[in-house]
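Asker: This structure is in structure tokens; I'll ask about it shortly.
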Amino acid sequence: MTLTERKPPQAATQPSTAEPEHPKSLLLRMDRMPHIWCSRCGIGIAVGCFAAALEKAGLTPDDITVTSGIGCAGRVAGYVKVDSFHTTHGRAIPFAVGLTLSRPEMTHVVFSGDGDLVSIGGNHFIHAARRNQNMLVICVNNFTYAMTGGQLAPTTPISARATTSPYGNFERPFSLPYLAASAGATYVARWTALHIRRMTDSMAEALQRLGFRFIEIIAPCSTIYARRNKLGTGLDLMKYYYENAVIEHDAPMEGLDIGFQSKIIVGKFIDQPRPTFRQSMKAHYEKVLGSKFVPPINGGVM
Amino acid sequence: MKADPKGVLTGVHYLDGDHAAAEGACAAGCRFFAGYPITPSTEVAERVALRFPLIGGQFIQMEDELASIAAVLGASWGGLRSMTVTSGPGFSLMMENIGLGVMMEVPCVVIDVQRGGPSTGLPTLPGQADMMQARWGSHGDYEIIALSPNSPQECFDLTIEAFNLSEQWRVPVLVMMDECVGHMTEKVVIPQADEIELTERRYTGLVPADYLPYKPGEDLVPEMAPIGRGYHFHTTGLTHDERGYPVMTAECQEVCVHRLIEKIRRNADRIIHVEKTDLDGAEVVVVSYGISSRVAIPAVEKARDEGVMVGELRLVTVWPFPEKVIRELAGNIKAFVVPEINYGQIVYEVERCAAGKCETRLVPHGGGWVHDPETIFQAIREVAR
């Protein structure tokens, strides 16, 4: 039976003509489906895990915002049924700084890609971590700029090819967990798109923490990265993760680099709370200004 | 809505323009400020940093201007009146997200205390050469509102006005100061809080099921929804439909961008404010804004002493450009004289609207100082001949 001949699986068992409800329809904008992501892309997996994590963390769509930048993962904000902001390239984090400072009672999530968050947005990434701005940053790392056709990213492994490194990459890539941790993130984890249960648990856990939390999701880009580097399909990349991802919680930060088709150390590396920017600000002003200090008003209906 | 007395420093003060603008923000209910130090605008940020912890505001010095304007947009969506301030180089860095503010229709205020440029230029000395950048600096096609104060008092007044306009028309409003106005110290009268009228945010009265985030009202402005209240709206810098969803077609572009432009153009009469002096019977009209309007005064007086009928038109609103008043005057006068601290920016608009019906004479200045009034006087005398 070819793909086009295949009947929808529910047709045989369900006499109803009604469309079955998507299990994550509470969080997804079903009126925007189908999404723009390629088949075999890992971003959808990360979004699916995020939807499950939200439930697990006891949060409703009213409790959160999602902000994205530009790129494939930058489209996440457009598919989640929460107050969602699709911003400019690299600026999702500072935009979310405005959200988290004006609405501290909500949970603010930045969902974007590696190029967006740590190349063009790299300065914001380290400063938001340093200040411990209260937000969860989920970075889908596919090792390339996929939306624009596969250019060199600050995460591209050494020797991997990209359209702008046609002879292979010779630049040392960032180790994102190391970067986040050294800048001051209070929660740092890395999973691959294969680790859906652990990724979900990690997202749920991080959603319940405060401060600058960072989760890197290594995700397959079958159409661009895998094809250009002759790595097969998305399934082959999943096999690569299966054979090469090693769970090592609290692994030493300096050992988290990812080489071309090398071992990938995953796990939770940091889970150490410290006061958020807003908490520090309030505590400081209370101390130095005493009764003259007027606590910041929250945004609401003006 | 009246101003919150907590932010209003009622009384008679002796302030420079930068400090007055900061007080204007406090009075206007601004409670979120994100900025980055840059001369000659830094004093605005410094005063806000001093004042905000005492009035329930949040000041944050961001890592750069890109982050500052992005945080301002986010905080405005969060429901706080938000502002940033900068000068030339920082204004350039903010351009992309000013465009995002236009596209997402985010009320916010950006103050640019202009200095000499291009590039690093003259950090401590005046210029008025960002006027076209204010209009066209972000890529793509759009309309924006820009005001130009010419005194510390107006720095206070127009900062409040900027917040009101931004809420009314859901667009970033630019306050185009210059180094002279920013650092000039004069009397500033701050009224009682109940004398300061503030425009409320235009929130929807619809329930989430009926709400479309970019469905415009009669004046072409859509109503906003508060976040965290079940509206689950989406907003994007991409071309979008009334749902706020991206649609990559020429048809949607036409509807989306045309409305962004029309909501300002069609309502220009409600937005524009100019100051007219002795226009009846004038043969020459000096069109000026910001500090140049003050420098022009002795030139105008001297010309009048010589018998030239000189009127003055001061552009308090620079964008949208007050086309109508220029068109009406052009048929009745010999010439417009336009002094500005640049080599010709607003003069192009005056010339365009004059449409050849009268002469338009630029009195340029490269920046770093203000005009010698004598050069403006000479221009008036020449065109009056």
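Residue numbering restarts at 1 in every chain; chains get A, B, ... in the order shown in the structure tokens, and ligands count up from 1 in that same order.
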Residues of chain A within 9 Å of chain B, counting only C-alpha atoms - could you list those as a PDB file with C-alpha atoms, in the first residue's frame?

Answerer:
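Now in selection.pdb:
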ATOM      1  CA  ARG A  32      -3.024  26.985  12.000  1.00  0.00           C
ATOM      2  CA  PRO A  61      -2.526  28.175  28.883  1.00  0.00           C
ATOM      3  CA  ASP A  62      -3.690  31.255  30.829  1.00  0.00           C
ATOM      4  CA  ASP A  63      -0.665  31.059  33.086  1.00  0.00           C
ATOM      5  CA  ILE A  64       2.040  31.350  30.468  1.00  0.00           C
ATOM      6  CA  THR A  65       3.359  33.331  27.556  1.00  0.00           C
ATOM      7  CA  ALA A  77       5.112  31.000  19.242  1.00  0.00           C
ATOM      8  CA  GLY A  78       2.777  30.929  16.278  1.00  0.00           C
ATOM      9  CA  TYR A  79       1.470  27.437  16.997  1.00  0.00           C
ATOM     10  CA  VAL A  80       0.901  27.486  20.752  1.00  0.00           C
ATOM     11  CA  LYS A  81      -2.505  28.602  21.966  1.00  0.00           C
ATOM     12  CA  VAL A  82      -1.297  30.979  24.653  1.00  0.00           C
ATOM     13  CA  ASP A  83      -0.561  34.698  24.542  1.00  0.00           C
ATOM     14  CA  SER A  84       2.333  34.375  22.143  1.00  0.00           C
ATOM     15  CA  PHE A  85       4.847  36.757  20.669  1.00  0.00           C
ATOM     16  CA  HIS A  86       6.789  36.229  17.470  1.00  0.00           C
ATOM     17  CA  THR A  87       9.464  38.886  17.691  1.00  0.00           C
ATOM     18  CA  THR A  88      12.548  39.961  15.766  1.00  0.00           C
ATOM     19  CA  ARG A  91      15.404  39.642  20.551  1.00  0.00           C
ATOM     20  CA  ALA A  92      13.034  37.095  22.061  1.00  0.00           C
ATOM     21  CA  ILE A  93      14.877  37.145  25.391  1.00  0.00           C
ATOM     22  CA  PRO A  94      14.893  40.926  25.964  1.00  0.00           C
ATOM     23  CA  PHE A  95      11.254  41.072  24.797  1.00  0.00           C
ATOM     24  CA  ALA A  96      10.484  38.407  27.408  1.00  0.00           C
ATOM     25  CA  VAL A  97      12.420  40.457  29.971  1.00  0.00           C
ATOM     26  CA  GLY A  98       9.751  43.110  29.507  1.00  0.00           C
ATOM     27  CA  LEU A  99       7.027  40.495  29.894  1.00  0.00           C
ATOM     28  CA  THR A 100       8.493  38.879  32.984  1.00  0.00           C
ATOM     29  CA  LEU A 101       9.130  42.189  34.743  1.00  0.00           C
ATOM     30  CA  SER A 102       5.669  43.516  33.966  1.00  0.00           C
ATOM     31  CA  ARG A 103       3.820  40.278  34.713  1.00  0.00           C
ATOM     32  CA  MET A 106       2.944  34.496  35.017  1.00  0.00           C
ATOM     33  CA  ASN A 123      24.465  39.080  24.255  1.00  0.00           C
ATOM     34  CA  HIS A 124      20.913  39.029  25.561  1.00  0.00           C
ATOM     35  CA  HIS A 127      22.914  39.074  30.331  1.00  0.00           C
ATOM     36  CA  TYR A 285      15.471  48.649  47.552  1.00  0.00           C
ATOM     37  CA  LEU A 289      15.238  52.838  50.751  1.00  0.00           C
ATOM     38  CA  LYS A 292      10.385  55.217  50.789  1.00  0.00           C
ATOM     39  CA  PHE A 293      10.437  52.233  48.449  1.00  0.00           C
ATOM     40  CA  VAL A 294       7.242  51.683  46.501  1.00  0.00           C
ATOM     41  CA  PRO A 295       7.179  48.099  45.205  1.00  0.00           C
ATOM     42  CA  PRO A 296       6.835  47.896  41.429  1.00  0.00           C
ATOM     43  CA  ILE A 297       3.306  47.753  40.158  1.00  0.00           C
ATOM     44  CA  ASN A 298       2.432  44.850  37.901  1.00  0.00           C
ATOM     45  CA  GLY A 299       0.942  45.299  34.496  1.00  0.00           C
ATOM     46  CA  GLY A 300      -2.679  44.455  34.124  1.00  0.00           C
ATOM     47  CA  VAL A 301      -5.617  46.193  32.650  1.00  0.00           C
ATOM     48  CA  MET A 302      -4.537  49.820  32.590  1.00  0.00           C
TER      49      MET A 302
END

Asker: Write out as number ranges by chain each polymer residue whose atoms come within 8 Å of region 128-141 of chain A, counting only C-alpha atoms; drop sequence neighbours fewer than 3 positions from it.

Answerer: A: 43, 46, 73, 93-94, 96-97, 100, 104, 107-114, 117, 124-125, 144, 155, 180, 183-186, 206-207, 210-219, 274-278

Asker: Identify, with DSSP run on backbone atoms, the residues in region 25-263 of chain B assigned to helix (DSSP H, G or I), and express the list as an MDAnalysis selection string.

Answerer: chainID B and resid 25:27 42:55 65:77 88:104 131:136 152:169 179:183 193:195 208:210 250:263

Asker: Neighbours of Tyr240 (chain A) within 12 Å (only C-alpha atoms; same-chain residues fewer than 3 positions away dropped), as an mmCIF file with C-alpha atoms, in the first residue's frame?

Answerer:
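Below you can see result.cif, which holds the result:
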data_model
loop_
_atom_site.group_PDB
_atom_site.id
_atom_site.type_symbol
_atom_site.label_atom_id
_atom_site.label_comp_id
_atom_site.auth_asym_id
_atom_site.auth_seq_id
_atom_site.Cartn_x
_atom_site.Cartn_y
_atom_site.Cartn_z
ATOM 1 C CA THR A 192 17.807 15.083 22.392
ATOM 2 C CA ALA A 193 14.548 14.768 20.501
ATOM 3 C CA LEU A 194 14.733 11.060 21.230
ATOM 4 C CA ILE A 218 19.256 18.568 20.203
ATOM 5 C CA ALA A 219 16.856 18.099 17.313
ATOM 6 C CA PRO A 220 17.147 16.485 13.905
ATOM 7 C CA ALA A 226 21.375 15.801 7.648
ATOM 8 C CA LEU A 231 23.666 11.681 7.510
ATOM 9 C CA GLY A 232 20.498 10.105 6.165
ATOM 10 C CA THR A 233 17.020 10.970 7.319
ATOM 11 C CA GLY A 234 15.537 12.128 10.585
ATOM 12 C CA LEU A 235 15.247 8.514 11.600
ATOM 13 C CA ASP A 236 18.981 8.011 11.039
ATOM 14 C CA LEU A 237 19.648 10.994 13.295
ATOM 15 C CA GLU A 243 23.634 5.108 19.993
ATOM 16 C CA ASN A 244 25.582 8.166 21.096
ATOM 17 C CA ALA A 245 23.595 10.066 23.702
ATOM 18 C CA VAL A 246 24.850 9.350 27.191
ATOM 19 C CA PHE A 260 30.544 15.915 14.416
ATOM 20 C CA GLN A 261 28.491 12.745 15.023
ATOM 21 C CA SER A 262 30.241 12.436 18.376
ATOM 22 C CA LYS A 263 28.944 11.311 21.724
ATOM 23 C CA ILE A 264 26.316 13.712 23.166
#

Asker: For the strand (DSSP E or B) assignment from backbone DSSP, which residues of region 10-196 of chain A qualify? Please present them as a ChimeraX atom specification.

Answerer: /A:28,64-68,80,83-86,107-113,135-141,145,151,162,165,187-192

Asker: May I have the selected residues written with N, CA and C atoms, as a compact mmCIF listing (two decimals), in the first residue's frame?

Answerer:
# COMPACT_ATOMS: atom_id res chain seq x y z
N LEU A 28 -2.40 23.74 21.33
CA LEU A 28 -2.00 24.04 19.95
C LEU A 28 -3.07 24.84 19.22
N ILE A 64 0.73 31.20 31.10
CA ILE A 64 2.04 31.35 30.47
C ILE A 64 1.99 32.25 29.23
N THR A 65 3.17 32.73 28.87
CA THR A 65 3.36 33.33 27.56
C THR A 65 4.49 32.58 26.87
N VAL A 66 4.47 32.59 25.56
CA VAL A 66 5.58 32.03 24.79
C VAL A 66 6.07 33.09 23.82
N THR A 67 7.37 33.31 23.86
CA THR A 67 7.99 34.30 22.97
C THR A 67 9.04 33.60 22.11
N SER A 68 9.04 33.89 20.84
CA SER A 68 10.04 33.31 19.94
C SER A 68 10.73 34.42 19.16
N VAL A 80 1.37 27.81 19.40
CA VAL A 80 0.90 27.49 20.75
C VAL A 80 -0.24 28.43 21.14
N ASP A 83 -0.98 33.38 25.00
CA ASP A 83 -0.56 34.70 24.54
C ASP A 83 0.87 34.55 24.04
N SER A 84 1.06 34.79 22.76
CA SER A 84 2.33 34.38 22.14
C SER A 84 2.88 35.47 21.24
N PHE A 85 4.18 35.61 21.29
CA PHE A 85 4.85 36.76 20.67
C PHE A 85 5.95 36.28 19.73
N HIS A 86 5.79 36.58 18.48
CA HIS A 86 6.79 36.23 17.47
C HIS A 86 7.56 37.51 17.16
N THR A 107 4.17 32.67 34.02
CA THR A 107 5.36 31.91 33.64
C THR A 107 5.70 32.26 32.20
N HIS A 108 6.90 32.73 31.99
CA HIS A 108 7.26 33.20 30.65
C HIS A 108 8.30 32.26 30.03
N VAL A 109 8.00 31.85 28.82
CA VAL A 109 8.84 30.87 28.14
C VAL A 109 9.34 31.47 26.84
N VAL A 110 10.64 31.34 26.61
CA VAL A 110 11.21 31.69 25.31
C VAL A 110 11.53 30.38 24.60
N PHE A 111 10.98 30.23 23.41
CA PHE A 111 11.14 29.00 22.65
C PHE A 111 11.75 29.42 21.32
N SER A 112 13.01 29.09 21.08
CA SER A 112 13.61 29.53 19.83
C SER A 112 14.77 28.63 19.45
N GLY A 113 15.53 29.04 18.44
CA GLY A 113 16.58 28.18 17.93
C GLY A 113 17.96 28.62 18.36
N MET A 135 12.68 33.39 33.55
CA MET A 135 12.09 32.84 32.33
C MET A 135 12.72 31.48 32.02
N LEU A 136 11.93 30.66 31.35
CA LEU A 136 12.47 29.37 30.87
C LEU A 136 12.81 29.54 29.39
N VAL A 137 14.07 29.28 29.06
CA VAL A 137 14.50 29.37 27.66
C VAL A 137 14.70 27.96 27.12
N ILE A 138 13.92 27.63 26.11
CA ILE A 138 14.07 26.33 25.46
C ILE A 138 14.70 26.57 24.10
N CYS A 139 15.86 25.98 23.90
CA CYS A 139 16.60 26.19 22.65
C CYS A 139 16.61 24.91 21.85
N VAL A 140 15.96 24.94 20.71
CA VAL A 140 16.03 23.79 19.80
C VAL A 140 17.29 23.95 18.97
N ASN A 141 18.24 23.06 19.20
CA ASN A 141 19.53 23.16 18.50
C ASN A 141 19.58 22.11 17.40
N TYR A 145 21.42 27.03 10.52
CA TYR A 145 20.34 27.96 10.19
C TYR A 145 19.48 27.28 9.14
N GLN A 151 22.92 27.50 6.77
CA GLN A 151 24.21 28.17 6.91
C GLN A 151 24.87 27.80 8.24
N ALA A 162 28.09 23.32 5.85
CA ALA A 162 26.93 24.21 5.75
C ALA A 162 27.10 25.00 4.46
N SER A 165 29.82 27.17 4.87
CA SER A 165 31.11 26.52 5.15
C SER A 165 31.16 25.27 4.26
N TYR A 187 19.05 26.71 36.14
CA TYR A 187 18.64 25.36 35.77
C TYR A 187 19.16 25.13 34.36
N VAL A 188 19.94 24.07 34.18
CA VAL A 188 20.50 23.80 32.86
C VAL A 188 20.37 22.31 32.56
N ALA A 189 19.74 22.01 31.44
CA ALA A 189 19.60 20.60 31.04
C ALA A 189 19.74 20.50 29.53
N ARG A 190 20.09 19.31 29.08
CA ARG A 190 20.15 19.05 27.64
C ARG A 190 19.56 17.67 27.37
N TRP A 191 18.71 17.61 26.35
CA TRP A 191 18.16 16.33 25.90
C TRP A 191 18.17 16.32 24.39
N THR A 192 17.99 15.13 23.84
CA THR A 192 17.81 15.08 22.39
C THR A 192 16.32 14.85 22.13

Asker: Between CA of Ala335 (chain B) and CA of Ala129 (chain B), measure the distance and give it in Å to one decimal.

Answerer: 22.9 Å

Asker: Of the candidates A:Val118, A:His249, A:Ala18, A:Ala283, which shows the shortest atom-to-atom distance to Ser202 (chain A), using only C-alpha atoms?

Answerer: A:His249

Asker: At a cut-off of 6 Å, using only C-alpha atoms, what residues contact Arg115 (chain B)? Leave out same-chain residues fewer than 5 positions from it and give the result as a PyMOL selection string.

Answerer: chain B and resi 123+125-127+179

Asker: Set the distance at 8 Å and use only C-alpha atoms: which residues neighbour Val295 (chain B) once local chain neighbours fewer than 4 positions away are removed? I'd like the list as an mmCIF file with N, CA and C atoms, in the first residue's frame.

Answerer:
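Resulting contents of out32.cif:
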data_model
loop_
_atom_site.group_PDB
_atom_site.id
_atom_site.type_symbol
_atom_site.label_atom_id
_atom_site.label_comp_id
_atom_site.auth_asym_id
_atom_site.auth_seq_id
_atom_site.Cartn_x
_atom_site.Cartn_y
_atom_site.Cartn_z
ATOM 1 N N ILE B 291 15.075 73.236 18.908
ATOM 2 C CA ILE B 291 15.877 74.383 19.323
ATOM 3 C C ILE B 291 15.940 75.442 18.221
ATOM 4 N N ALA B 299 16.020 86.435 14.725
ATOM 5 C CA ALA B 299 16.072 86.698 13.282
ATOM 6 C C ALA B 299 14.734 87.235 12.795
ATOM 7 N N VAL B 370 24.162 75.735 17.362
ATOM 8 C CA VAL B 370 22.932 76.204 16.722
ATOM 9 C C VAL B 370 23.286 77.259 15.681
ATOM 10 N N HIS B 371 22.282 77.660 14.894
ATOM 11 C CA HIS B 371 22.511 78.700 13.884
ATOM 12 C C HIS B 371 22.905 80.016 14.554
ATOM 13 N N ASP B 372 23.689 80.790 13.842
ATOM 14 C CA ASP B 372 23.796 82.210 14.154
ATOM 15 C C ASP B 372 22.491 82.825 13.621
ATOM 16 N N PRO B 373 21.687 83.473 14.482
ATOM 17 C CA PRO B 373 20.398 84.008 14.000
ATOM 18 C C PRO B 373 20.563 84.896 12.767
#

Asker: Quick one: residues within 8 Å of region 151-166 of chain B, only C-alpha atoms, excluding same-chain residues fewer than 6 positions away - as an MDAnalysis selection string?

Answerer: chainID B and resid 15:18 20:25 27:28 81 106:109 172:175 177 181:182 184:189 198:200 271 290:291

Asker: Restricting it to C-alpha atoms, dump the selection as a CSV table (one decimal), in the first residue's frame.

Answerer:
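Saved the output as out.csv:
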chain,number,residue,atom,x,y,z
B,15,LEU,CA,15.1,71.6,35.2
B,16,ASP,CA,16.9,70.7,32.1
B,17,GLY,CA,15.0,69.1,29.2
B,18,ASP,CA,16.3,65.6,30.0
B,20,ALA,CA,11.9,67.3,32.5
B,21,ALA,CA,11.2,64.5,30.1
B,22,ALA,CA,11.9,62.0,32.9
B,23,GLU,CA,9.3,63.8,35.0
B,24,GLY,CA,6.9,63.8,32.1
B,25,ALA,CA,7.3,60.0,32.0
B,27,ALA,CA,3.6,61.9,35.5
B,28,ALA,CA,2.3,60.0,32.4
B,81,ARG,CA,3.4,52.1,30.2
B,106,VAL,CA,2.5,48.4,20.6
B,107,PRO,CA,2.0,51.7,22.6
B,108,CYS,CA,5.4,52.9,23.8
B,109,VAL,CA,7.6,56.0,23.8
B,172,PRO,CA,5.5,53.9,19.1
B,173,VAL,CA,5.7,57.7,19.5
B,174,LEU,CA,9.1,59.4,19.1
B,175,VAL,CA,10.0,62.5,21.0
B,177,MET,CA,14.7,66.3,21.4
B,181,VAL,CA,16.8,71.3,24.5
B,182,GLY,CA,18.0,68.3,26.5
B,184,MET,CA,18.9,73.7,28.6
B,185,THR,CA,17.7,74.5,32.1
B,186,GLU,CA,14.5,76.5,32.4
B,187,LYS,CA,11.5,76.9,34.5
B,188,VAL,CA,9.2,73.8,34.4
B,189,VAL,CA,5.8,73.9,35.9
B,198,LEU,CA,-4.1,60.4,30.4
B,199,THR,CA,-5.4,58.3,27.6
B,200,GLU,CA,-6.3,54.8,28.8
B,271,ILE,CA,-2.8,64.0,15.8
B,290,GLY,CA,13.0,72.1,18.3
B,291,ILE,CA,15.9,74.4,19.3

Asker: Enter the distance from CA of Asp178 (chain B) to CA of Tyr36 (chain B), in Å, rounded to one decimal.

Answerer: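 According to the coordinates, CA of Asp178 (chain B) and CA of Tyr36 (chain B) are separated by 17.5 Å.
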
Asker: Please provide the set of residues having any atom within 10 Å of region 325-333 of chain B, restricted to only C-alpha atoms, with same-chain residues fewer than 3 positions apart removed, written as a ChimeraX atom specification.

Answerer: /B:274,276,279-285,287,309-311,313,321-322,336,349-360,384

Asker: Kindly export the residues of the current selection with C-alpha atoms, as an mmCIF file, in the first residue's frame.

Answerer:
data_model
loop_
_atom_site.group_PDB
_atom_site.id
_atom_site.type_symbol
_atom_site.label_atom_id
_atom_site.label_comp_id
_atom_site.auth_asym_id
_atom_site.auth_seq_id
_atom_site.Cartn_x
_atom_site.Cartn_y
_atom_site.Cartn_z
ATOM 1 C CA VAL B 274 1.552 73.161 15.252
ATOM 2 C CA LYS B 276 1.213 79.528 14.427
ATOM 3 C CA LEU B 279 0.681 84.009 9.750
ATOM 4 C CA ASP B 280 -2.048 86.422 8.600
ATOM 5 C CA GLY B 281 -0.617 88.672 5.955
ATOM 6 C CA ALA B 282 2.838 87.107 6.175
ATOM 7 C CA GLU B 283 5.032 87.244 3.088
ATOM 8 C CA VAL B 284 7.674 84.953 4.577
ATOM 9 C CA VAL B 285 7.002 82.068 6.969
ATOM 10 C CA VAL B 287 9.081 76.812 9.475
ATOM 11 C CA MET B 309 6.042 90.581 7.233
ATOM 12 C CA VAL B 310 7.305 87.351 8.816
ATOM 13 C CA GLY B 311 5.159 84.603 10.235
ATOM 14 C CA LEU B 313 5.086 78.030 11.954
ATOM 15 C CA PHE B 321 3.961 65.938 8.566
ATOM 16 C CA PRO B 322 1.573 68.919 8.847
ATOM 17 C CA PHE B 336 9.207 79.489 3.439
ATOM 18 C CA GLU B 349 8.637 68.024 3.097
ATOM 19 C CA VAL B 350 8.006 71.769 3.113
ATOM 20 C CA GLU B 351 9.143 71.991 -0.499
ATOM 21 C CA ARG B 352 6.963 69.037 -1.489
ATOM 22 C CA CYS B 353 3.868 70.567 0.070
ATOM 23 C CA ALA B 354 4.643 74.054 -1.265
ATOM 24 C CA ALA B 355 4.581 72.387 -4.684
ATOM 25 C CA GLY B 356 6.262 75.295 -6.414
ATOM 26 C CA LYS B 357 3.677 77.852 -5.298
ATOM 27 C CA CYS B 358 6.340 79.720 -3.365
ATOM 28 C CA GLU B 359 10.035 79.542 -2.762
ATOM 29 C CA THR B 360 11.383 77.210 -0.070
ATOM 30 C CA ALA B 384 11.436 88.748 0.927
#
